[in-house]
$ cat model13.cif   # mmCIF, C-alpha atoms
data_data
loop_
_atom_site.label_atom_id
_atom_site.label_comp_id
_atom_site.auth_asym_id
_atom_site.auth_seq_id
_atom_site.Cartn_x
_atom_site.Cartn_y
_atom_site.Cartn_z
CA MET A 1 45.80 26.72 19.82
CA GLY A 2 47.63 28.85 17.27
CA THR A 3 47.38 26.07 14.70
CA ARG A 4 43.63 25.81 15.24
CA ILE A 5 43.16 29.52 14.81
CA THR A 6 45.21 29.46 11.62
CA SER A 7 43.25 26.46 10.29
CA LEU A 8 40.02 28.10 11.28
CA ALA A 9 40.94 31.30 9.51
CA ASN A 10 41.71 29.31 6.36
CA ASN A 11 38.14 27.97 6.34
CA PHE A 12 36.75 31.46 5.84
CA ASP A 13 37.00 33.49 2.68
CA THR A 14 38.25 37.04 2.54
CA THR A 15 34.73 38.35 3.21
CA GLY A 16 34.45 36.28 6.40
CA LYS A 17 32.07 33.66 5.05
CA LEU A 18 32.52 30.03 6.05
CA LYS A 19 33.71 27.90 3.15
CA ALA A 20 31.94 24.65 2.32
CA ALA A 21 35.05 22.74 3.40
CA GLY A 22 34.62 24.11 6.89
CA ILE A 23 31.53 22.09 7.65
CA ASN A 24 30.77 18.46 6.89
CA ASN A 25 28.12 15.81 7.37
CA ALA A 26 29.52 14.76 10.71
CA SER A 27 29.06 18.28 11.98
CA LEU A 28 25.38 18.03 11.08
CA SER A 29 24.78 14.58 12.49
CA GLY A 30 23.30 15.94 15.69
CA ILE A 31 20.45 17.68 13.88
CA THR A 32 17.22 15.76 14.35
CA ALA A 33 14.61 18.28 13.24
CA LEU A 34 14.20 21.17 10.85
CA PRO A 35 12.14 24.30 11.40
CA ALA A 36 8.45 24.19 10.48
CA GLY A 37 7.89 25.10 6.89
CA VAL A 38 11.24 23.73 5.84
CA ALA A 39 11.01 20.08 6.72
CA GLY A 40 9.26 17.74 4.33
CA LYS A 41 6.23 15.89 5.63
CA MET A 42 6.55 12.58 3.86
CA THR A 43 9.05 10.48 5.76
CA LEU A 44 10.32 7.10 4.65
CA LEU A 45 9.98 4.80 7.65
CA SER A 46 10.98 1.45 6.21
CA THR A 47 11.44 -0.49 2.99
CA GLN A 48 10.92 -4.18 2.43
CA THR A 49 12.05 -6.02 -0.66
CA ALA A 50 10.44 -9.31 -1.54
CA SER A 51 12.51 -12.31 -2.53
CA ALA A 52 10.44 -15.46 -2.54
CA SER A 53 8.67 -14.06 0.51
CA ALA A 54 5.48 -15.58 1.88
CA SER A 55 4.43 -12.09 3.00
CA LEU A 56 5.76 -8.62 3.72
CA SER A 57 4.71 -7.39 7.14
CA PHE A 58 5.14 -4.00 8.78
CA THR A 59 4.98 -4.63 12.52
CA SER A 60 6.76 -1.58 13.84
CA GLY A 61 6.53 2.12 13.19
CA ILE A 62 2.73 2.25 12.85
CA ASP A 63 1.63 4.33 15.80
CA SER A 64 0.55 7.86 16.70
CA THR A 65 3.69 9.50 15.33
CA TYR A 66 2.03 10.25 11.98
CA ASP A 67 -1.57 10.91 11.00
CA GLU A 68 -1.37 8.99 7.75
CA TYR A 69 0.70 6.04 6.65
CA TRP A 70 1.26 5.37 2.95
CA PHE A 71 2.48 2.05 1.61
CA VAL A 72 3.89 2.46 -1.89
CA PHE A 73 4.37 -0.84 -3.67
CA ASN A 74 6.52 -1.09 -6.76
CA ASN A 75 6.65 -3.93 -9.26
CA VAL A 76 5.30 -6.55 -6.90
CA HIS A 77 5.55 -9.82 -8.80
CA PRO A 78 3.97 -13.13 -7.77
CA ALA A 79 5.47 -16.58 -8.00
CA THR A 80 2.09 -18.03 -8.98
CA ASP A 81 -0.10 -17.05 -11.92
CA ASN A 82 -3.53 -15.48 -11.62
CA VAL A 83 -3.46 -14.60 -7.93
CA SER A 84 -4.63 -11.69 -5.86
CA PHE A 85 -2.37 -9.31 -3.94
CA ASP A 86 -3.99 -8.88 -0.54
CA PHE A 87 -3.65 -7.02 2.76
CA ASN A 88 -4.90 -7.26 6.30
CA GLY A 89 -4.39 -5.36 9.54
CA SER A 90 -3.48 -6.30 13.08
CA THR A 91 -4.27 -4.89 16.50
CA ASP A 92 -1.69 -7.08 18.28
CA SER A 93 1.52 -6.14 16.49
CA GLY A 94 1.22 -8.85 13.91
CA SER A 95 0.41 -11.87 16.05
CA THR A 96 -2.87 -12.16 14.15
CA TYR A 97 -4.10 -10.46 10.98
CA SER A 98 -7.87 -10.71 11.27
CA VAL A 99 -9.42 -7.26 11.73
CA THR A 100 -13.06 -6.87 10.72
CA LYS A 101 -13.46 -4.80 7.55
CA THR A 102 -16.17 -3.44 5.28
CA THR A 103 -14.82 -2.44 1.87
CA THR A 104 -15.62 -1.44 -1.70
CA LEU A 105 -13.78 -2.38 -4.87
CA PHE A 106 -14.24 -1.10 -8.40
CA ARG A 107 -12.03 -1.30 -11.43
CA SER A 108 -11.47 -0.14 -14.95
CA GLY A 109 -9.99 -2.66 -17.35
CA HIS A 110 -8.73 -3.03 -20.91
CA ASP A 111 -6.94 -5.95 -22.52
CA GLU A 112 -4.04 -5.81 -24.96
CA ALA A 113 -6.10 -7.45 -27.72
CA ASP A 114 -8.67 -4.68 -27.39
CA THR A 115 -11.42 -7.28 -27.00
CA PHE A 116 -12.91 -5.86 -23.82
CA THR A 117 -13.12 -2.77 -21.72
CA GLN A 118 -14.76 -2.48 -18.33
CA LEU A 119 -15.74 -0.06 -15.63
CA GLY A 120 -17.68 -1.50 -12.75
CA TYR A 121 -18.14 -2.51 -9.16
CA ASN A 122 -16.90 -6.00 -8.25
CA SER A 123 -19.31 -7.37 -5.68
CA ASN A 124 -17.44 -10.65 -5.34
CA GLU A 125 -14.21 -8.98 -4.36
CA ASP A 126 -15.34 -6.68 -1.54
CA LEU A 127 -15.84 -7.48 2.15
CA ALA A 128 -18.80 -7.00 4.50
CA GLN A 129 -17.78 -7.27 8.15
CA SER A 130 -15.22 -9.88 7.26
CA THR A 131 -11.86 -10.63 8.86
CA SER A 132 -10.48 -12.04 5.59
CA TYR A 133 -7.68 -10.42 3.63
CA GLN A 134 -8.88 -7.73 1.19
CA HIS A 135 -7.67 -7.79 -2.41
CA ILE A 136 -5.66 -4.81 -3.60
CA VAL A 137 -5.78 -6.39 -7.05
CA TYR A 138 -6.81 -9.79 -8.33
CA GLY A 139 -6.03 -11.77 -11.48
CA LEU A 140 -2.37 -10.76 -11.27
CA GLY A 141 -0.15 -12.59 -13.73
CA ASN A 142 3.29 -14.06 -13.14
CA ASP A 143 4.86 -13.66 -16.59
CA ASN A 144 8.31 -12.17 -16.23
CA ASP A 145 7.09 -8.65 -16.93
CA GLN A 146 3.80 -8.83 -15.02
CA CYS A 147 3.46 -7.03 -11.70
CA VAL A 148 1.36 -4.59 -9.66
CA SER A 149 2.26 -1.08 -8.47
CA GLY A 150 0.28 1.42 -6.46
CA VAL A 151 -0.31 3.03 -3.11
CA PHE A 152 -2.31 2.02 -0.03
CA LYS A 153 -3.18 4.87 2.37
CA LEU A 154 -4.13 4.30 6.01
CA TYR A 155 -5.61 7.11 8.09
CA ASN A 156 -5.06 7.60 11.83
CA PRO A 157 -4.29 3.97 12.67
CA SER A 158 -3.73 4.76 16.33
CA SER A 159 -7.17 6.25 16.95
CA THR A 160 -9.06 4.53 19.73
CA THR A 161 -12.21 6.54 18.97
CA TYR A 162 -12.94 6.07 15.26
CA VAL A 163 -12.90 3.27 12.72
CA LYS A 164 -9.74 3.31 10.63
CA HIS A 165 -10.28 4.38 7.02
CA PHE A 166 -8.08 3.29 4.11
CA THR A 167 -7.93 3.74 0.34
CA SER A 168 -5.88 1.96 -2.30
CA THR A 169 -5.26 2.58 -5.98
CA ALA A 170 -3.21 0.13 -8.01
CA SER A 171 -2.33 -0.63 -11.60
CA ASN A 172 -2.39 -4.33 -12.33
CA TYR A 173 -0.99 -6.29 -15.30
CA PHE A 174 -3.46 -9.14 -15.20
CA ALA A 175 -2.79 -12.72 -16.18
CA SER A 176 -4.66 -12.72 -19.48
CA ASN A 177 -2.66 -9.72 -20.66
CA GLY A 178 -4.23 -6.39 -19.94
CA ASN A 179 -4.46 -3.64 -17.40
CA ASN A 180 -6.79 -3.05 -14.49
CA GLN A 181 -6.84 -0.02 -12.30
CA MET A 182 -8.33 -1.27 -9.06
CA ASN A 183 -9.70 1.10 -6.45
CA VAL A 184 -10.32 -0.19 -2.95
CA ALA A 185 -11.58 1.71 0.08
CA GLY A 186 -13.07 0.80 3.42
CA TYR A 187 -12.53 0.77 7.13
CA PHE A 188 -11.15 -1.48 9.80
CA ASN A 189 -14.25 -1.64 11.97
CA THR A 190 -12.50 -1.44 15.29
CA THR A 191 -11.71 1.23 17.84
CA SER A 192 -8.50 -0.57 18.75
CA ALA A 193 -5.33 0.85 17.27
CA ILE A 194 -4.05 -0.77 14.09
CA ASP A 195 -0.35 -1.40 14.67
CA ALA A 196 0.65 -3.73 11.83
CA ILE A 197 -0.15 -4.36 8.17
CA ASP A 198 0.52 -7.54 6.22
CA PHE A 199 0.72 -7.94 2.43
CA LYS A 200 0.71 -11.31 0.70
CA MET A 201 -0.45 -13.18 -2.39
CA SER A 202 -3.57 -15.33 -2.24
CA SER A 203 -1.38 -18.26 -3.27
CA GLY A 204 2.37 -18.66 -3.50
CA ASN A 205 5.13 -16.25 -2.65
CA ILE A 206 5.88 -12.65 -3.47
CA ASP A 207 8.76 -13.21 -5.83
CA ASP A 208 9.97 -9.66 -6.28
CA GLY A 209 9.13 -6.04 -5.61
CA THR A 210 9.37 -3.43 -2.88
CA ILE A 211 6.94 -1.92 -0.42
CA ARG A 212 7.91 1.35 1.22
CA MET A 213 6.10 2.68 4.28
CA TYR A 214 5.94 6.44 4.69
CA GLY A 215 4.67 8.56 7.54
CA VAL A 216 2.81 11.63 6.33
CA SER A 217 2.54 14.67 8.58
CA THR A 218 1.91 15.00 12.27
CA SER A 219 -0.72 16.80 14.26
CA MET B 220 37.64 37.66 25.06
CA GLY B 221 40.42 35.09 25.55
CA GLN B 222 37.99 32.53 26.97
CA ALA B 223 35.52 33.19 24.18
CA THR B 224 38.26 32.68 21.62
CA ARG B 225 39.26 29.42 23.27
CA ASN B 226 35.62 28.24 23.31
CA ILE B 227 35.26 29.05 19.64
CA ALA B 228 38.53 27.33 18.83
CA ASN B 229 37.41 24.19 20.68
CA SER B 230 34.38 24.01 18.43
CA PHE B 231 36.68 23.35 15.48
CA THR B 232 38.95 20.43 14.73
CA THR B 233 42.66 20.95 14.31
CA SER B 234 41.99 21.23 10.59
CA GLY B 235 39.47 24.01 11.14
CA VAL B 236 36.28 22.01 10.49
CA ILE B 237 33.27 22.60 12.77
CA THR B 238 32.81 19.76 15.26
CA SER B 239 29.42 18.05 15.54
CA SER B 240 28.93 19.30 19.10
CA ALA B 241 29.13 22.88 17.85
CA VAL B 242 26.01 22.47 15.71
CA ASN B 243 22.53 22.02 17.14
CA ASN B 244 18.90 22.64 16.24
CA THR B 245 19.01 26.16 17.58
CA THR B 246 21.84 26.97 15.22
CA ILE B 247 19.62 26.20 12.23
CA SER B 248 16.31 27.53 13.49
CA GLY B 249 16.48 30.51 11.15
CA ILE B 250 16.74 28.46 7.98
CA THR B 251 13.77 29.06 5.70
CA ASP B 252 14.86 27.27 2.57
CA ILE B 253 17.03 24.26 1.93
CA ASN B 254 16.09 23.72 -1.69
CA ASP B 255 14.73 20.20 -2.14
CA LEU B 256 16.46 18.61 0.83
CA GLY B 257 13.39 18.94 3.02
CA GLY B 258 11.25 16.88 0.71
CA SER B 259 8.51 17.80 -1.69
CA LEU B 260 5.45 17.65 0.54
CA ILE B 261 5.42 20.73 2.76
CA LEU B 262 2.95 21.23 5.61
CA ILE B 263 1.65 24.80 5.35
CA SER B 264 -0.97 24.82 8.09
CA GLU B 265 -3.24 22.59 10.10
CA GLN B 266 -6.60 23.13 11.74
CA THR B 267 -8.36 21.00 14.31
CA ALA B 268 -12.13 21.16 14.48
CA SER B 269 -13.85 21.60 17.83
CA ALA B 270 -17.52 22.49 17.55
CA ASP B 271 -16.72 24.68 14.53
CA ALA B 272 -19.28 25.71 11.94
CA SER B 273 -16.56 25.50 9.31
CA VAL B 274 -12.84 25.16 8.77
CA SER B 275 -11.39 27.53 6.21
CA PHE B 276 -7.96 28.23 4.79
CA THR B 277 -7.56 31.87 3.78
CA SER B 278 -3.79 32.18 3.69
CA GLY B 279 -0.99 30.15 2.17
CA ILE B 280 -2.82 29.37 -1.08
CA ASP B 281 -0.93 31.30 -3.73
CA SER B 282 1.68 30.81 -6.43
CA THR B 283 4.29 29.30 -4.11
CA TYR B 284 3.26 25.77 -5.03
CA ASP B 285 1.71 24.33 -8.16
CA GLU B 286 -0.40 21.89 -6.22
CA TYR B 287 -2.13 22.04 -2.84
CA TRP B 288 -3.37 19.02 -0.90
CA PHE B 289 -5.94 19.05 1.89
CA ILE B 290 -5.73 15.88 3.98
CA LEU B 291 -8.79 15.24 6.14
CA ASN B 292 -8.54 12.99 9.14
CA ASN B 293 -11.57 11.68 11.04
CA ILE B 294 -13.88 14.63 10.51
CA HIS B 295 -16.84 14.01 12.83
CA PRO B 296 -20.08 16.06 13.03
CA SER B 297 -21.94 17.25 16.11
CA GLY B 298 -25.27 16.09 14.66
CA ASN B 299 -26.57 14.08 11.75
CA THR B 300 -25.56 15.66 8.45
CA GLY B 301 -26.28 15.27 4.78
CA GLY B 302 -22.65 15.64 3.89
CA LEU B 303 -19.40 17.57 4.16
CA GLY B 304 -19.06 20.34 1.57
CA ILE B 305 -16.19 22.24 0.01
CA ASN B 306 -16.22 25.66 -1.60
CA PHE B 307 -13.70 28.19 -2.83
CA SER B 308 -12.99 31.91 -2.67
CA THR B 309 -11.33 34.43 -4.96
CA ASP B 310 -11.39 37.23 -2.37
CA GLY B 311 -9.53 35.79 0.58
CA GLY B 312 -12.59 34.23 2.16
CA SER B 313 -15.04 37.15 2.05
CA ASN B 314 -17.26 35.06 -0.22
CA TRP B 315 -17.47 31.32 -0.80
CA ASN B 316 -19.32 31.12 -4.08
CA VAL B 317 -17.05 30.20 -6.96
CA THR B 318 -18.83 28.71 -9.97
CA LYS B 319 -18.07 25.02 -10.37
CA THR B 320 -18.82 22.15 -12.71
CA THR B 321 -18.12 18.73 -11.24
CA ALA B 322 -18.53 14.98 -11.67
CA SER B 323 -19.33 12.72 -8.74
CA PHE B 324 -19.44 8.96 -8.31
CA VAL B 325 -19.38 6.65 -5.34
CA ALA B 326 -18.61 3.02 -4.57
CA MET B 327 -20.60 1.77 -1.58
CA HIS B 328 -20.91 -1.45 0.38
CA ALA B 329 -23.08 -2.14 3.41
CA GLU B 330 -21.90 -4.06 6.44
CA ASN B 331 -24.89 -6.40 6.03
CA ASN B 332 -23.98 -6.87 2.35
CA ALA B 333 -27.41 -5.55 1.32
CA ILE B 334 -25.94 -3.10 -1.14
CA ALA B 335 -22.71 -3.16 -3.15
CA GLN B 336 -22.41 -0.91 -6.17
CA ILE B 337 -20.80 2.00 -7.93
CA ILE B 338 -23.07 4.76 -9.19
CA TYR B 339 -22.84 8.21 -10.66
CA GLU B 340 -24.28 10.70 -8.18
CA ASN B 341 -26.62 12.86 -10.22
CA GLY B 342 -27.86 14.77 -7.21
CA TYR B 343 -24.40 15.45 -5.89
CA ASP B 344 -22.66 16.95 -8.89
CA LEU B 345 -22.71 20.61 -9.92
CA ALA B 346 -23.28 22.32 -13.27
CA GLN B 347 -22.12 25.92 -13.19
CA SER B 348 -23.23 26.22 -9.59
CA THR B 349 -21.83 28.35 -6.78
CA ALA B 350 -23.13 25.95 -4.10
CA ASP B 351 -20.86 23.85 -1.90
CA GLN B 352 -19.73 20.60 -3.49
CA GLU B 353 -20.39 17.70 -1.14
CA ILE B 354 -17.43 15.33 -0.84
CA CYS B 355 -19.30 12.67 1.15
CA GLN B 356 -22.86 11.96 2.23
CA ASN B 357 -24.79 11.21 5.40
CA ILE B 358 -22.21 11.34 8.14
CA TYR B 359 -23.99 10.76 11.43
CA THR B 360 -22.91 11.00 15.03
CA GLY B 361 -22.05 7.43 15.96
CA ASN B 362 -19.00 7.74 18.19
CA ASP B 363 -16.74 5.89 15.75
CA GLU B 364 -18.08 7.44 12.51
CA SER B 365 -16.03 9.90 10.45
CA ILE B 366 -14.62 10.80 7.04
CA SER B 367 -10.99 10.81 5.90
CA GLY B 368 -9.47 11.58 2.52
CA ILE B 369 -7.56 13.94 0.25
CA ILE B 370 -8.58 16.90 -1.93
CA LYS B 371 -6.02 18.04 -4.49
CA LEU B 372 -6.23 21.56 -5.93
CA TYR B 373 -4.13 22.35 -8.98
CA ASN B 374 -2.57 25.71 -9.83
CA PRO B 375 -4.95 27.87 -7.79
CA SER B 376 -3.09 31.06 -8.65
CA SER B 377 -3.48 30.73 -12.40
CA THR B 378 -5.18 33.72 -13.97
CA THR B 379 -5.32 31.98 -17.35
CA TYR B 380 -6.99 28.63 -16.73
CA VAL B 381 -9.86 27.20 -14.76
CA LYS B 382 -8.79 25.56 -11.49
CA HIS B 383 -9.07 21.77 -11.37
CA PHE B 384 -9.59 19.77 -8.22
CA ILE B 385 -9.97 16.08 -7.32
CA SER B 386 -11.43 14.65 -4.13
CA ASN B 387 -10.97 11.06 -2.96
CA THR B 388 -12.61 10.34 0.40
CA GLN B 389 -13.62 7.28 2.39
CA SER B 390 -16.31 7.62 5.05
CA TYR B 391 -18.57 5.66 7.35
CA PHE B 392 -22.00 6.25 5.83
CA ALA B 393 -24.90 6.56 8.28
CA SER B 394 -26.47 3.19 7.55
CA ALA B 395 -23.23 1.30 8.22
CA ARG B 396 -21.64 1.41 4.78
CA SER B 397 -18.18 1.95 3.43
CA TRP B 398 -18.59 5.01 1.21
CA HIS B 399 -15.78 5.69 -1.28
CA HIS B 400 -16.67 9.01 -2.91
CA LEU B 401 -14.70 10.40 -5.86
CA ILE B 402 -15.26 13.87 -7.24
CA ALA B 403 -13.48 15.92 -9.84
CA GLY B 404 -14.25 19.27 -11.33
CA TYR B 405 -13.08 22.78 -11.91
CA CYS B 406 -13.64 26.22 -10.51
CA ASN B 407 -14.81 27.99 -13.63
CA THR B 408 -12.94 31.20 -13.11
CA THR B 409 -9.72 32.76 -14.32
CA SER B 410 -9.37 34.62 -11.03
CA ALA B 411 -6.92 33.11 -8.57
CA ILE B 412 -8.38 30.86 -5.88
CA ASN B 413 -7.02 32.00 -2.51
CA GLY B 414 -9.38 30.42 -0.01
CA VAL B 415 -10.95 27.01 0.63
CA ILE B 416 -13.70 26.19 3.13
CA PHE B 417 -15.04 22.91 4.52
CA ARG B 418 -18.41 22.72 6.30
CA PHE B 419 -21.27 20.33 6.91
CA ASP B 420 -24.63 21.18 5.38
CA THR B 421 -26.05 21.18 8.91
CA ASN B 422 -24.43 21.01 12.34
CA ASN B 423 -20.86 21.65 13.40
CA MET B 424 -17.57 19.93 12.84
CA ASP B 425 -17.07 18.37 16.24
CA ASP B 426 -13.68 16.78 15.76
CA GLY B 427 -11.00 16.03 13.19
CA THR B 428 -8.05 17.71 11.50
CA ILE B 429 -7.48 19.21 8.08
CA GLN B 430 -3.91 19.78 6.95
CA LEU B 431 -2.90 21.99 4.02
CA PHE B 432 0.18 20.88 2.13
CA GLY B 433 2.10 22.45 -0.71
CA VAL B 434 3.55 20.05 -3.25
CA LYS B 435 6.81 21.11 -4.89
#
$ encode --input "model13.cif" --output "structure tokens"
Amino acid sequence: MGTRITSLANNFDTTGKLKAAGINNASLSGITALPAGVAGKMTLLSTQTASASASLSFTSGIDSTYDEYWFVFNNVHPATDNVSFDFNGSTDSGSTYSVTKTTTLFRSGHDEADTFTQLGYNSNEDLAQSTSYQHIVYGLGNDNDQCVSGVFKLYNPSSTTYVKHFTSTASNYFASNGNNQMNVAGYFNTTSAIDAIDFKMSSGNIDDGTIRMYGVSTS
Amino acid sequence: MGQATRNIANSFTTSGVITSSAVNNTTISGITDINDLGGSLILISEQTASADASVSFTSGIDSTYDEYWFILNNIHPSGNTGGLGINFSTDGGSNWNVTKTTASFVAMHAENNAIAQIIYENGYDLAQSTADQEICQNIYTGNDESISGIIKLYNPSSTTYVKHFISNTQSYFASARSWHHLIAGYCNTTSAINGVIFRFDTNNMDDGTIQLFGVK
């Protein structure tokens, strides 16, 4: 008892303030929430790293906990040249990825040789009430330095009242050496909750890259 | 006093370090700043629509953050509307009539594939106008129809520069279309912007949430 009091006293300075050495991470391990206005509202839920992966699927953590879910993909690199990087949703925790969607896709483009520039809608790359996978980008190259990065945002996936809106913006190093910024938006035309998202290439594996899923804010 | 001393002592290890059981959420409830440990996206306030003519934010928009985000989730009208509008205030919400110049374009695609295009929206941009800027068009009352998206407002407290904003929304357009509407512009004033309002051109906001975030 006396030893503890002496040790305790040594963890305070002469003005009575607790020294940094008097508290450690273990002491704080029981804290599970911070006061409103202090806590950040973008929470990393999970990270997946591709390594010759047929797909990267998020089958847990997509529920009513957060109002928005952001999937940030970094340097996603395909095994096969000139492919599209695609996504689909699931209402059965990933057993099937075949939710009906209506989408838009437009892009700006510019090649390294400065032989073309483009801004336009791509009517062959959108979906109209289709259960197919939607491109995030297409024409992605597989040279060693070619990849796609961007963010896919999903709104209120657990709603059983409204369709589920999404938007995606990605920068794509395309196979014939240039850049596209591809902008996709649309909705999963279902009032069932979306509880899983799958990302894959149109052909071949995802050779490298990470996808991080964040929860953003709560009601 | 002796018991209290013993209880305090038991909350420390023999080396005088606080044990984990001595720290709980209540202990830290008074913390108002933890530097960057809390993350860089801070929820300032949230409003849920329920038969409201408008949703406005008249506090919390100041020099605390350089950037403010408004995240809209499933905003649903009480009757057919021409669109959801945004406007700004320099007097804490007494007036919503800041002069704006904006650009507006939309990518659209119908469920029946009858239309698929991107167009500049001549009728939905503003040139030195104080009117509301519409951030989507033709939201009707189908039970599953709504708009979601993000509006980013930059440096609203600047008294030197105009105030830029960018809107990126996705909505269910009345005639069963995906409607990806992108708008950018500036509030052409060197007065600080300290209020933002959202409202349909007609009818109420029946449902949906709008969250105001500060971005460090």
$ atom_distance --input "model13.cif" --atom1 "CA of Leu56 in chain A" --atom2 "CA of Gly150 in chain A"
15.3 Å
$ interface_residues --input "model13.cif" --of "chain B" --to "chain A" --cutoff "8 Å" --atoms "all atoms listed in the file" --output "count of residues only"
57
$ resolve_selection --input "model13.cif" --expression "the PyMOL selection byres ((chain B and resi 415-423) around 6)" --output "PyMOL selection string"
chain B and resi 270-276+296-298+300+302-307+414+424-425
$ closest_residue --input "model13.cif" --among "A:Leu44, A:Ile62, A:Val76, A:Leu140" --to "Ile197 in chain A" --atoms "all atoms listed in the file"
A:Ile62
$ atom_distance --input "model13.cif" --atom1 "CA of Met182 in chain A" --atom2 "CA of Val83 in chain A"
14.2 Å
$ residues_around --input "model13.cif" --residues "Tyr405 in chain B" --least-positions-apart "4" --cutoff "10 Å" --atoms "only C-alpha atoms" --output "compact mmCIF listing (two decimals) with C-alpha atoms, in the coordinates of the input"
# COMPACT_ATOMS: atom_id res chain seq x y z
CA VAL B 317 -17.05 30.20 -6.96
CA THR B 318 -18.83 28.71 -9.97
CA LYS B 319 -18.07 25.02 -10.37
CA THR B 320 -18.82 22.15 -12.71
CA THR B 321 -18.12 18.73 -11.24
CA ALA B 322 -18.53 14.98 -11.67
CA GLN B 347 -22.12 25.92 -13.19
CA LEU B 372 -6.23 21.56 -5.93
CA TYR B 373 -4.13 22.35 -8.98
CA TYR B 380 -6.99 28.63 -16.73
CA VAL B 381 -9.86 27.20 -14.76
CA LYS B 382 -8.79 25.56 -11.49
CA HIS B 383 -9.07 21.77 -11.37
CA PHE B 384 -9.59 19.77 -8.22
CA ILE B 385 -9.97 16.08 -7.32
$ atom_distance --input "model13.cif" --atom1 "CA of Thr47 in chain A" --atom2 "CA of Ile370 in chain B"
27.0 Å
$ closest_residue --input "model13.cif" --among "A:Ile136, A:Val72, A:Leu45, A:Ala52" --to "Gly215 in chain A" --atoms "only C-alpha atoms"
A:Leu45
$ residues_around --input "model13.cif" --residues "Asp310 in chain B" --least-positions-apart "2" --cutoff "10 Å" --atoms "all atoms listed in the file" --output "PyMOL selection string"
chain B and resi 277+307-308+312-315+410-414
$ residues_around --input "model13.cif" --residues "Ala113 in chain A" --least-positions-apart "3" --cutoff "12 Å" --atoms "only C-alpha atoms" --output "PDB file with C-alpha atoms, in the frame of the given file"
ATOM      1  CA  HIS A 110      -8.730  -3.030 -20.910  1.00  0.00           C
ATOM      2  CA  PHE A 116     -12.910  -5.860 -23.820  1.00  0.00           C
ATOM      3  CA  THR A 117     -13.120  -2.770 -21.720  1.00  0.00           C
ATOM      4  CA  SER A 176      -4.660 -12.720 -19.480  1.00  0.00           C
ATOM      5  CA  ASN A 177      -2.660  -9.720 -20.660  1.00  0.00           C
ATOM      6  CA  GLY A 178      -4.230  -6.390 -19.940  1.00  0.00           C
ATOM      7  CA  ASN A 179      -4.460  -3.640 -17.400  1.00  0.00           C
TER       8      ASN A 179
END
$ residues_around --input "model13.cif" --residues "Asp92 in chain A" --least-positions-apart "4" --cutoff "12 Å" --atoms "all atoms listed in the file" --output "mmCIF file with C-alpha atoms, in the coordinates of the input"
data_model
loop_
_atom_site.group_PDB
_atom_site.id
_atom_site.type_symbol
_atom_site.label_atom_id
_atom_site.label_comp_id
_atom_site.auth_asym_id
_atom_site.auth_seq_id
_atom_site.Cartn_x
_atom_site.Cartn_y
_atom_site.Cartn_z
ATOM 1 C CA THR A 59 4.980 -4.630 12.520
ATOM 2 C CA SER A 60 6.760 -1.580 13.840
ATOM 3 C CA ILE A 62 2.730 2.250 12.850
ATOM 4 C CA THR A 96 -2.870 -12.160 14.150
ATOM 5 C CA TYR A 97 -4.100 -10.460 10.980
ATOM 6 C CA SER A 98 -7.870 -10.710 11.270
ATOM 7 C CA VAL A 99 -9.420 -7.260 11.730
ATOM 8 C CA SER A 192 -8.500 -0.570 18.750
ATOM 9 C CA ALA A 193 -5.330 0.850 17.270
ATOM 10 C CA ILE A 194 -4.050 -0.770 14.090
ATOM 11 C CA ASP A 195 -0.350 -1.400 14.670
ATOM 12 C CA ALA A 196 0.650 -3.730 11.830
ATOM 13 C CA ILE A 197 -0.150 -4.360 8.170
#
$ resolve_selection --input "model13.cif" --expression "the PyMOL selection byres ((chain A and resi 172) around 7)" --output "PDB file with C-alpha atoms, in the coordinates of the input"
ATOM      1  CA  VAL A 137      -5.780  -6.390  -7.050  1.00  0.00           C
ATOM      2  CA  LEU A 140      -2.370 -10.760 -11.270  1.00  0.00           C
ATOM      3  CA  CYS A 147       3.460  -7.030 -11.700  1.00  0.00           C
ATOM      4  CA  VAL A 148       1.360  -4.590  -9.660  1.00  0.00           C
ATOM      5  CA  SER A 149       2.260  -1.080  -8.470  1.00  0.00           C
ATOM      6  CA  ALA A 170      -3.210   0.130  -8.010  1.00  0.00           C
ATOM      7  CA  SER A 171      -2.330  -0.630 -11.600  1.00  0.00           C
ATOM      8  CA  TYR A 173      -0.990  -6.290 -15.300  1.00  0.00           C
ATOM      9  CA  PHE A 174      -3.460  -9.140 -15.200  1.00  0.00           C
ATOM     10  CA  ASN A 179      -4.460  -3.640 -17.400  1.00  0.00           C
ATOM     11  CA  ASN A 180      -6.790  -3.050 -14.490  1.00  0.00           C
ATOM     12  CA  GLN A 181      -6.840  -0.020 -12.300  1.00  0.00           C
TER      13      GLN A 181
END
$ resolve_selection --input "model13.cif" --expression "the PyMOL selection byres ((chain B and resi 433) around 9)" --output "VMD selection string"
chain B and resid 259 to 263 279 to 280 283 to 288 431 to 432 434 to 435
$ write_last_selection --input "model13.cif" --atoms "C-alpha atoms" --output "short mmCIF file (atom, residue, chain, number, x, y, z; two decimals), in the coordinates of the input"
data_model
loop_
_atom_site.label_atom_id
_atom_site.label_comp_id
_atom_site.auth_asym_id
_atom_site.auth_seq_id
_atom_site.Cartn_x
_atom_site.Cartn_y
_atom_site.Cartn_z
CA SER B 259 8.51 17.80 -1.69
CA LEU B 260 5.45 17.65 0.54
CA ILE B 261 5.42 20.73 2.76
CA LEU B 262 2.95 21.23 5.61
CA ILE B 263 1.65 24.80 5.35
CA GLY B 279 -0.99 30.15 2.17
CA ILE B 280 -2.82 29.37 -1.08
CA THR B 283 4.29 29.30 -4.11
CA TYR B 284 3.26 25.77 -5.03
CA ASP B 285 1.71 24.33 -8.16
CA GLU B 286 -0.40 21.89 -6.22
CA TYR B 287 -2.13 22.04 -2.84
CA TRP B 288 -3.37 19.02 -0.90
CA LEU B 431 -2.90 21.99 4.02
CA PHE B 432 0.18 20.88 2.13
CA VAL B 434 3.55 20.05 -3.25
CA LYS B 435 6.81 21.11 -4.89
#
